[in-house]
Structures are given as structure tokens and as C-alpha cells.
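Text of the file run_17.cif, holding mmCIF, C-alpha atoms:
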data_upload
loop_
_atom_site.group_PDB
_atom_site.id
_atom_site.type_symbol
_atom_site.label_atom_id
_atom_site.label_comp_id
_atom_site.auth_asym_id
_atom_site.auth_seq_id
_atom_site.Cartn_x
_atom_site.Cartn_y
_atom_site.Cartn_z
ATOM 1 C CA MET A 1 0.000 0.000 0.000
ATOM 2 C CA PRO A 2 2.498 2.662 -1.020
ATOM 3 C CA ARG A 3 -0.131 5.397 -1.293
ATOM 4 C CA ALA A 4 -2.206 6.258 1.746
ATOM 5 C CA LYS A 5 -4.311 9.053 3.193
ATOM 6 C CA GLN A 6 -3.366 10.693 6.470
ATOM 7 C CA LEU A 7 -5.519 12.778 8.751
ATOM 8 C CA THR A 8 -3.962 15.983 10.001
ATOM 9 C CA VAL A 9 -5.608 17.395 13.116
ATOM 10 C CA GLN A 10 -4.840 20.819 14.569
ATOM 11 C CA LEU A 11 -4.249 20.490 18.315
ATOM 12 C CA ALA A 12 -4.601 23.131 21.007
ATOM 13 C CA ASN A 13 -1.632 23.150 23.377
ATOM 14 C CA LYS A 14 -3.580 22.162 26.486
ATOM 15 C CA PRO A 15 -4.240 19.014 28.500
ATOM 16 C CA GLY A 16 -6.823 16.667 27.030
ATOM 17 C CA THR A 17 -6.615 17.621 23.378
ATOM 18 C CA LEU A 18 -5.007 14.366 22.199
ATOM 19 C CA ALA A 19 -7.420 12.427 24.426
ATOM 20 C CA GLN A 20 -10.300 14.199 22.680
ATOM 21 C CA VAL A 21 -8.924 13.170 19.280
ATOM 22 C CA ALA A 22 -8.367 9.545 20.283
ATOM 23 C CA GLN A 23 -11.743 9.244 22.014
ATOM 24 C CA SER A 24 -13.578 10.826 19.090
ATOM 25 C CA LEU A 25 -12.038 8.349 16.679
ATOM 26 C CA GLY A 26 -12.736 5.481 19.065
ATOM 27 C CA LYS A 27 -16.405 6.412 19.406
ATOM 28 C CA ALA A 28 -16.652 6.534 15.614
ATOM 29 C CA LYS A 29 -15.010 3.076 15.399
ATOM 30 C CA VAL A 30 -12.088 4.492 13.396
ATOM 31 C CA ASN A 31 -8.873 2.601 14.113
ATOM 32 C CA MET A 32 -5.514 4.414 14.168
ATOM 33 C CA ARG A 33 -2.686 2.476 12.478
ATOM 34 C CA ALA A 34 0.037 5.126 12.906
ATOM 35 C CA LEU A 35 0.300 8.357 14.885
ATOM 36 C CA ALA A 36 2.747 11.245 15.162
ATOM 37 C CA VAL A 37 2.213 14.395 17.212
ATOM 38 C CA PHE A 38 4.408 17.456 16.726
ATOM 39 C CA GLU A 39 4.202 21.235 16.394
ATOM 40 C CA GLY A 40 0.513 21.436 17.272
ATOM 41 C CA ARG A 41 -0.611 18.751 14.845
ATOM 42 C CA ALA A 42 -1.470 15.083 14.966
ATOM 43 C CA LYS A 43 -0.765 13.022 11.850
ATOM 44 C CA ILE A 44 -2.838 9.847 11.771
ATOM 45 C CA ILE A 45 -3.097 6.881 9.434
ATOM 46 C CA ALA A 46 -6.593 5.521 10.050
ATOM 47 C CA ASP A 47 -8.564 2.666 8.567
ATOM 48 C CA ASP A 48 -11.270 5.139 7.429
ATOM 49 C CA PRO A 49 -9.852 8.681 7.088
ATOM 50 C CA ALA A 50 -13.088 10.244 5.778
ATOM 51 C CA LYS A 51 -15.131 8.856 8.670
ATOM 52 C CA GLY A 52 -12.371 10.000 11.045
ATOM 53 C CA ARG A 53 -12.376 13.541 9.671
ATOM 54 C CA GLU A 54 -16.160 13.701 9.996
ATOM 55 C CA ALA A 55 -16.024 12.512 13.637
ATOM 56 C CA LEU A 56 -13.304 15.032 14.520
ATOM 57 C CA GLN A 57 -15.119 17.908 12.845
ATOM 58 C CA LYS A 58 -18.279 17.057 14.809
ATOM 59 C CA GLU A 59 -16.141 17.615 17.937
ATOM 60 C CA GLY A 60 -15.149 21.062 16.647
ATOM 61 C CA LEU A 61 -11.634 20.000 15.646
ATOM 62 C CA TYR A 62 -10.077 21.031 12.343
ATOM 63 C CA ALA A 63 -9.025 17.936 10.394
ATOM 64 C CA SER A 64 -7.851 17.518 6.806
ATOM 65 C CA ILE A 65 -6.887 14.549 4.644
ATOM 66 C CA GLU A 66 -3.596 14.449 2.731
ATOM 67 C CA ASP A 67 -1.900 11.971 0.433
ATOM 68 C CA CYS A 68 1.230 10.265 1.727
ATOM 69 C CA LEU A 69 3.429 7.243 1.237
ATOM 70 C CA ALA A 70 2.999 4.247 3.575
ATOM 71 C CA VAL A 71 5.548 1.490 3.091
ATOM 72 C CA ASP A 72 5.442 -1.890 4.816
ATOM 73 C CA MET A 73 8.957 -2.927 5.758
ATOM 74 C CA THR A 74 10.694 -5.704 7.638
ATOM 75 C CA ASP A 75 11.013 -4.893 11.323
ATOM 76 C CA GLN A 76 14.796 -5.215 11.518
ATOM 77 C CA PRO A 77 17.854 -2.972 11.588
ATOM 78 C CA GLY A 78 18.596 -1.348 8.238
ATOM 79 C CA SER A 79 15.125 -1.637 6.664
ATOM 80 C CA LEU A 80 14.328 2.055 6.946
ATOM 81 C CA GLY A 81 17.783 2.953 5.654
ATOM 82 C CA GLU A 82 17.246 0.856 2.524
ATOM 83 C CA ILE A 83 13.926 2.543 1.758
ATOM 84 C CA CYS A 84 15.365 6.020 2.349
ATOM 85 C CA ALA A 85 18.384 5.249 0.148
ATOM 86 C CA ARG A 86 16.147 4.149 -2.753
ATOM 87 C CA LEU A 87 14.184 7.394 -2.512
ATOM 88 C CA THR A 88 17.385 9.460 -2.200
ATOM 89 C CA ASN A 89 18.886 7.779 -5.271
ATOM 90 C CA ALA A 90 15.769 8.803 -7.214
ATOM 91 C CA GLY A 91 16.147 12.427 -6.078
ATOM 92 C CA ILE A 92 13.104 12.336 -3.787
ATOM 93 C CA ASN A 93 13.145 14.433 -0.622
ATOM 94 C CA ILE A 94 11.475 13.140 2.545
ATOM 95 C CA ASP A 95 9.735 16.074 4.233
ATOM 96 C CA TYR A 96 8.936 14.049 7.361
ATOM 97 C CA ALA A 97 8.315 10.452 8.406
ATOM 98 C CA TYR A 98 6.864 8.437 11.273
ATOM 99 C CA THR A 99 6.236 4.775 11.976
ATOM 100 C CA GLY A 100 3.278 2.614 12.929
ATOM 101 C CA ILE A 101 2.163 -0.990 13.297
ATOM 102 C CA THR A 102 0.908 -3.727 11.010
ATOM 103 C CA GLN A 103 -1.011 -6.917 11.711
ATOM 104 C CA THR A 104 1.855 -8.990 10.311
ATOM 105 C CA PRO A 105 4.474 -10.168 12.837
ATOM 106 C CA GLY A 106 7.949 -8.950 11.953
ATOM 107 C CA LYS A 107 6.633 -6.043 9.900
ATOM 108 C CA ALA A 108 6.364 -2.314 10.535
ATOM 109 C CA VAL A 109 5.106 0.590 8.453
ATOM 110 C CA VAL A 110 6.815 3.888 7.757
ATOM 111 C CA VAL A 111 4.702 6.862 6.676
ATOM 112 C CA MET A 112 6.426 9.574 4.631
ATOM 113 C CA VAL A 113 5.453 12.840 3.058
ATOM 114 C CA VAL A 114 7.734 13.204 0.062
ATOM 115 C CA SER A 115 8.497 15.663 -2.713
ATOM 116 C CA ASP A 116 7.252 13.355 -5.526
ATOM 117 C CA LEU A 117 4.585 10.931 -4.334
ATOM 118 C CA ASP A 118 3.951 9.283 -7.715
ATOM 119 C CA LYS A 119 7.613 8.478 -8.259
ATOM 120 C CA ALA A 120 8.101 7.381 -4.633
ATOM 121 C CA ALA A 121 5.094 5.046 -4.787
ATOM 122 C CA LYS A 122 6.548 3.293 -7.840
ATOM 123 C CA ILE A 123 9.951 2.908 -6.175
ATOM 124 C CA ALA A 124 8.605 1.732 -2.827
ATOM 125 C CA GLY A 125 5.732 -0.330 -4.194
#
Have the structure of the file written as C-alpha cells, please.
Amino acid sequence: MPRAKQLTVQLANKPGTLAQVAQSLGKAKVNMRALAVFEGRAKIIADDPAKGREALQKEGLYASIEDCLAVDMTDQPGSLGEICARLTNAGINIDYAYTGITQTPGKAVVVMVVSDLDKAAKIAG
């Protein structure tokens, strides 16, 4: 699944904001597969991003959906380095990345926002 959709949620810098996000998604039965929180934003790979955005907006939270790259990789030393090297060799910049879980033992997922998603998806796919 090289191409994915990520939810981006604007977070207030106060106690309980991330809890509100997680509880809203839970109530809507939207499962989070990967999560990163930084600089007042939560980046989430969810099993149903549109349903997640709708649930968050009902709570008064700003949420958007963006395209990204999600690459399943072997959960072992060097796997991420190999993926990054392939993208680098193709001249693709990685703006940011974070990791998450898979249902497959021995596997992990890395989520990346890159300078050329189409090209990166072909390389990583």
C-alpha cells in the first residue's frame, strides 16, 4: 500500500486535546494504524480517514486529509535505511516520516510525506 491518506488534526496546546482526538475516533469506530504528534498537529493513518475527519469535525476540531506514502517494511535494523536510500537515489526528498504498526508479525510501516509521491510510490511499491 504505497499510497495512503493521512488525517492531520490541529491540536490546542492544552491538557486533554489528544485524548479528545483519540476518544472521538474510538467512538466513531475508526482505528488508528500510525500516529505522530508534533508542532501542534497530529498526523494519523486511520482505517477510514473520511469517517475519522467527519467525527473530529463534529467535535469542533479542524481535520484535513492528505496523500502520503505508507511502506510496509521488515522490522529489523537497516530496513528504513534501505527505503530512504532508494528514494534518495531517485532524487526524492522526505519532508517528514513516522512509523506505525501492522497486523503482520515482523513487519512495521513507515509513513512519509515526500516531494514526488507518484515516483516514490513506484519505487517503494
Would you mind listing what lies within 10 Å of Cys84 (chain A) as a compact mmCIF listing (two decimals) with C-alpha atoms, keeping the file's coordinate frame, with all atoms listed in the file counted and same-chain residues fewer than 4 positions away left out?
# COMPACT_ATOMS: atom_id res chain seq x y z
CA GLY A 78 18.60 -1.35 8.24
CA SER A 79 15.12 -1.64 6.66
CA LEU A 80 14.33 2.06 6.95
CA THR A 88 17.39 9.46 -2.20
CA ASN A 89 18.89 7.78 -5.27
CA ALA A 90 15.77 8.80 -7.21
CA ILE A 92 13.10 12.34 -3.79
CA ASN A 93 13.14 14.43 -0.62
CA ILE A 94 11.48 13.14 2.54
CA MET A 112 6.43 9.57 4.63
CA ALA A 124 8.60 1.73 -2.83
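In terms of minimum interatomic distance to Ile83 (chain A), A:Pro2 ranks closest within A:Val30, A:Gly100, A:Pro2, A:Thr17, counting all atoms listed in the file.
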Restrict the calculation to all atoms listed in the file, then for each residue of region 65-97 of chain A with any atom at most 10 Å from an atom of region 4-8 of chain A give the closest atom pair and their distance in Å to one decimal, rows by chain and rising residue number, as CSV.
residue,atom,partner,partner_atom,distance
A:Ile65,CA,A:Leu7,CA,4.7
A:Glu66,CA,A:Gln6,CA,5.3
A:Asp67,CA,A:Lys5,CA,4.7
A:Cys68,CA,A:Ala4,CA,5.3
A:Leu69,CA,A:Ala4,CA,5.7
A:Ala70,CA,A:Ala4,CA,5.9
A:Val71,CA,A:Ala4,CA,9.2
Sel. within 7 Å of pt (-4.5, 16.3, 14.5), counting all atoms listed in the file, output as a list in words |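 Counting all atoms listed in the file, I find these residues within 7 Å of (-4.5, 16.3, 14.5): Leu7, Thr8, Val9, Gln10, Leu11, Arg41, Ala42, Lys43 and Ala63 of chain A.
Picture a line from CA of Lys14 (chain A) to CA of Gln57 (chain A); it runs 18.4 Å.
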